[in-house]
Amino acid sequence: MAGKTPKVSGLFIVVENVFDHVNNVNGLSLDGYHIFGHSAGGQFVQRMVAMKPQSRIKKAIAANAGTYSFMDEMVPYPYGLGGVNYNLQGAFAKHLVVLIGELDNNAQQGRLDQTVMAMEQGPNRLERGSKFFQASKTVAGNNGFDFNWQIQVVPDVGHEYKRMSEAAAKLL
């Protein structure tokens with residue numbers, strides 16, 4: 001779908017360029033990479049999957065994101081895809097894991113966006129991640145798209161980068 005692309009989309013190209021650079025400098029011919037982000041990094045990863053599905057990401061893990069870009073063009077970016085370029089079918093074909101900590105259920109953990117639009121996604125990261133995943137699964141099903149995403153709740157973990165990254169490493 002067409003729309004204006006926010007400045008963050010330029011960062012997606014940087015990730016691809018860094019991958020090319022690492023391949024070139026090291027004489028490698030790798031055809032893809034895994035990407036992990038926690039909190040704001042999780043937001044970045046999820047948005048990269050939605051807005052640059054042609055990237056060479058093999059597996060993307062978005063952990064404990066504060067907000068999500070719901071796969072809905074009627075909701076303005078960054079809370080939805082309104083006004084940005086995206087490809088639902090391509091995004092849903094990517095292997096994305098929405099990784100959320102079972103105890104990341106308190107708005108006081110980390111810096112949590114509490115604007116009206118963010119609060120519509122849920123009162124905390126656990127609920128926001130669950131709601132995002134379910135809404136995305138519904139959109140994919142309604143459009144007849146393959147859905148290669150999964151959700152995983154990490155038991156007894158809150159908004160903790162180290163423990164979430166340990167859980168993510170086990171998924172690779």
# chains A, B, ... in the order shown; residues from 1 in each chain; ligands from 1
>>> select_by_dssp(residues="stretch 98-132 of chain A", states="helix (DSSP H, G or I)", output="PDB file with N, CA and C atoms, in the first residue's frame")
ATOM      1  N   VAL A 116      -3.303   8.604  24.471  1.00  0.00           N
ATOM      2  CA  VAL A 116      -4.620   8.007  24.243  1.00  0.00           C
ATOM      3  C   VAL A 116      -4.529   6.852  23.245  1.00  0.00           C
ATOM      4  N   MET A 117      -3.822   7.061  22.128  1.00  0.00           N
ATOM      5  CA  MET A 117      -3.733   6.007  21.106  1.00  0.00           C
ATOM      6  C   MET A 117      -2.964   4.794  21.621  1.00  0.00           C
ATOM      7  N   ALA A 118      -1.937   5.024  22.416  1.00  0.00           N
ATOM      8  CA  ALA A 118      -1.183   3.901  22.980  1.00  0.00           C
ATOM      9  C   ALA A 118      -2.047   3.127  23.963  1.00  0.00           C
ATOM     10  N   MET A 119      -2.796   3.827  24.786  1.00  0.00           N
ATOM     11  CA  MET A 119      -3.627   3.155  25.781  1.00  0.00           C
ATOM     12  C   MET A 119      -4.750   2.352  25.131  1.00  0.00           C
ATOM     13  N   GLU A 120      -5.142   2.715  23.909  1.00  0.00           N
ATOM     14  CA  GLU A 120      -6.133   1.914  23.179  1.00  0.00           C
ATOM     15  C   GLU A 120      -5.579   0.528  22.855  1.00  0.00           C
ATOM     16  N   GLN A 121      -4.243   0.403  22.811  1.00  0.00           N
ATOM     17  CA  GLN A 121      -3.620  -0.900  22.553  1.00  0.00           C
ATOM     18  C   GLN A 121      -3.610  -1.766  23.812  1.00  0.00           C
ATOM     19  N   ARG A 125       2.520  -3.702  28.444  1.00  0.00           N
ATOM     20  CA  ARG A 125       3.158  -4.382  27.312  1.00  0.00           C
ATOM     21  C   ARG A 125       2.621  -5.801  27.094  1.00  0.00           C
ATOM     22  N   LEU A 126       2.313  -6.501  28.159  1.00  0.00           N
ATOM     23  CA  LEU A 126       1.787  -7.858  28.012  1.00  0.00           C
ATOM     24  C   LEU A 126       0.476  -7.834  27.229  1.00  0.00           C
ATOM     25  N   GLU A 127      -0.416  -6.970  27.611  1.00  0.00           N
ATOM     26  CA  GLU A 127      -1.711  -6.887  26.914  1.00  0.00           C
ATOM     27  C   GLU A 127      -1.555  -6.330  25.506  1.00  0.00           C
ATOM     28  N   ARG A 128      -0.679  -5.354  25.323  1.00  0.00           N
ATOM     29  CA  ARG A 128      -0.488  -4.766  23.996  1.00  0.00           C
ATOM     30  C   ARG A 128       0.053  -5.800  23.013  1.00  0.00           C
ATOM     31  N   GLY A 129       1.041  -6.581  23.443  1.00  0.00           N
ATOM     32  CA  GLY A 129       1.605  -7.605  22.567  1.00  0.00           C
ATOM     33  C   GLY A 129       0.586  -8.669  22.206  1.00  0.00           C
ATOM     34  N   SER A 130      -0.199  -9.093  23.190  1.00  0.00           N
ATOM     35  CA  SER A 130      -1.231 -10.109  22.943  1.00  0.00           C
ATOM     36  C   SER A 130      -2.290  -9.584  21.989  1.00  0.00           C
ATOM     37  N   LYS A 131      -2.724  -8.359  22.209  1.00  0.00           N
ATOM     38  CA  LYS A 131      -3.756  -7.752  21.360  1.00  0.00           C
ATOM     39  C   LYS A 131      -3.234  -7.560  19.935  1.00  0.00           C
ATOM     40  N   PHE A 132      -1.989  -7.102  19.817  1.00  0.00           N
ATOM     41  CA  PHE A 132      -1.387  -6.910  18.494  1.00  0.00           C
ATOM     42  C   PHE A 132      -1.327  -8.229  17.730  1.00  0.00           C
TER      43      PHE A 132
END
>>> residues_around(residues="A:Ser136", least_positions_apart="3", cutoff="8 Å", atoms="only C-alpha atoms", output="list in words")
Phe70, Met71, Phe132, Phe133, Val139 and Ala140 of chain A
>>> closest_atom_pairs(of="stretch 78-100 of chain A", to="stretch 6-23 of chain A", cutoff="10 Å", atoms="only C-alpha atoms", output="tab-separated table")
residue	atom	partner	partner_atom	distance
A:Pro78	CA	A:Pro6	CA	9.1
A:Gly83	CA	A:Pro6	CA	8.6
A:Val84	CA	A:Pro6	CA	6.8
A:Asn85	CA	A:Pro6	CA	8.9
>>> residues_around(residues="A:Arg163", least_positions_apart="5", cutoff="12 Å", atoms="only C-alpha atoms", output="number ranges by chain")
A: 38, 63-64, 99-103, 154-158, 168-170
>>> write_last_selection(atoms="N, CA and C atoms", output="CSV table (one decimal), in the first residue's frame")
chain,number,residue,atom,x,y,z
A,38,HIS,N,14.4,-5.2,21.9
A,38,HIS,CA,13.7,-5.2,23.1
A,38,HIS,C,13.2,-3.8,23.4
A,63,ALA,N,10.6,-8.0,21.2
A,63,ALA,CA,10.3,-8.3,22.6
A,63,ALA,C,9.9,-7.1,23.4
A,64,ASN,N,8.8,-7.3,24.1
A,64,ASN,CA,8.3,-6.3,25.1
A,64,ASN,C,8.2,-4.9,24.5
A,99,LEU,N,7.5,-11.5,21.4
A,99,LEU,CA,8.0,-12.1,22.6
A,99,LEU,C,7.7,-11.1,23.8
A,100,ILE,N,6.9,-11.6,24.7
A,100,ILE,CA,6.5,-10.7,25.8
A,100,ILE,C,6.7,-11.4,27.2
A,101,GLY,N,7.1,-10.6,28.1
A,101,GLY,CA,7.4,-11.1,29.5
A,101,GLY,C,6.1,-11.2,30.2
A,102,GLU,N,5.8,-12.3,30.9
A,102,GLU,CA,4.6,-12.5,31.6
A,102,GLU,C,4.4,-11.5,32.7
A,103,LEU,N,5.5,-10.9,33.2
A,103,LEU,CA,5.4,-10.0,34.3
A,103,LEU,C,5.5,-8.5,33.8
A,154,VAL,N,7.2,-15.2,28.0
A,154,VAL,CA,8.3,-15.7,28.8
A,154,VAL,C,7.9,-15.7,30.3
A,155,PRO,N,7.8,-16.9,30.9
A,155,PRO,CA,7.3,-16.9,32.3
A,155,PRO,C,8.2,-16.2,33.3
A,156,ASP,N,7.6,-15.6,34.3
A,156,ASP,CA,8.3,-15.0,35.4
A,156,ASP,C,9.3,-13.9,35.0
A,157,VAL,N,9.1,-13.2,33.9
A,157,VAL,CA,10.0,-12.2,33.4
A,157,VAL,C,9.2,-10.9,33.1
A,158,GLY,N,9.7,-9.8,33.6
A,158,GLY,CA,9.1,-8.5,33.4
A,158,GLY,C,9.8,-7.8,32.2
A,168,ALA,N,15.1,-15.1,23.8
A,168,ALA,CA,15.1,-14.9,22.3
A,168,ALA,C,16.2,-15.8,21.7
A,169,ALA,N,17.4,-15.9,22.4
A,169,ALA,CA,18.5,-16.7,21.9
A,169,ALA,C,18.1,-18.1,21.7
A,170,LYS,N,17.2,-18.6,22.6
A,170,LYS,CA,16.8,-20.0,22.5
A,170,LYS,C,15.8,-20.3,21.3
>>> residues_around(residues="A:Gly141", least_positions_apart="5", cutoff="12 Å", atoms="only C-alpha atoms", output="VMD selection string")
chain A and resid 88 to 89 92 134 to 136 146 to 148
>>> closest_residue(among="A:Leu171, A:Ala40, A:Ala65, A:Met74", to="A:His95", atoms="only C-alpha atoms")
A:Leu171
>>> select_by_dssp(residues="stretch 67-163 of chain A", states="strand (DSSP E)", output="NGL selection string")
:A and (96-101 or 149-154)
>>> residues_around(residues="A:Gly110", least_positions_apart="4", cutoff="9 Å", atoms="only C-alpha atoms", output="PyMOL selection string")
chain A and resi 39+66+159
>>> atom_distance(atom1="atom CA of A:Gly41", atom2="atom CA of A:Lys137")
22.0 Å
>>> atom_distance(atom1="atom CA of A:Met51", atom2="atom CA of A:Gly122")
22.9 Å
>>> residues_around(residues="A:Phe36", least_positions_apart="5", cutoff="10 Å", atoms="only C-alpha atoms", output="list in words")
Gly41, Gly42, Phe44, Val45, Gln46, Lys59, Ala60, Ile61, Ala62, Ala63, Leu96, Val97, Leu99, Met164, Ser165, Ala168 and Ala169 of chain A
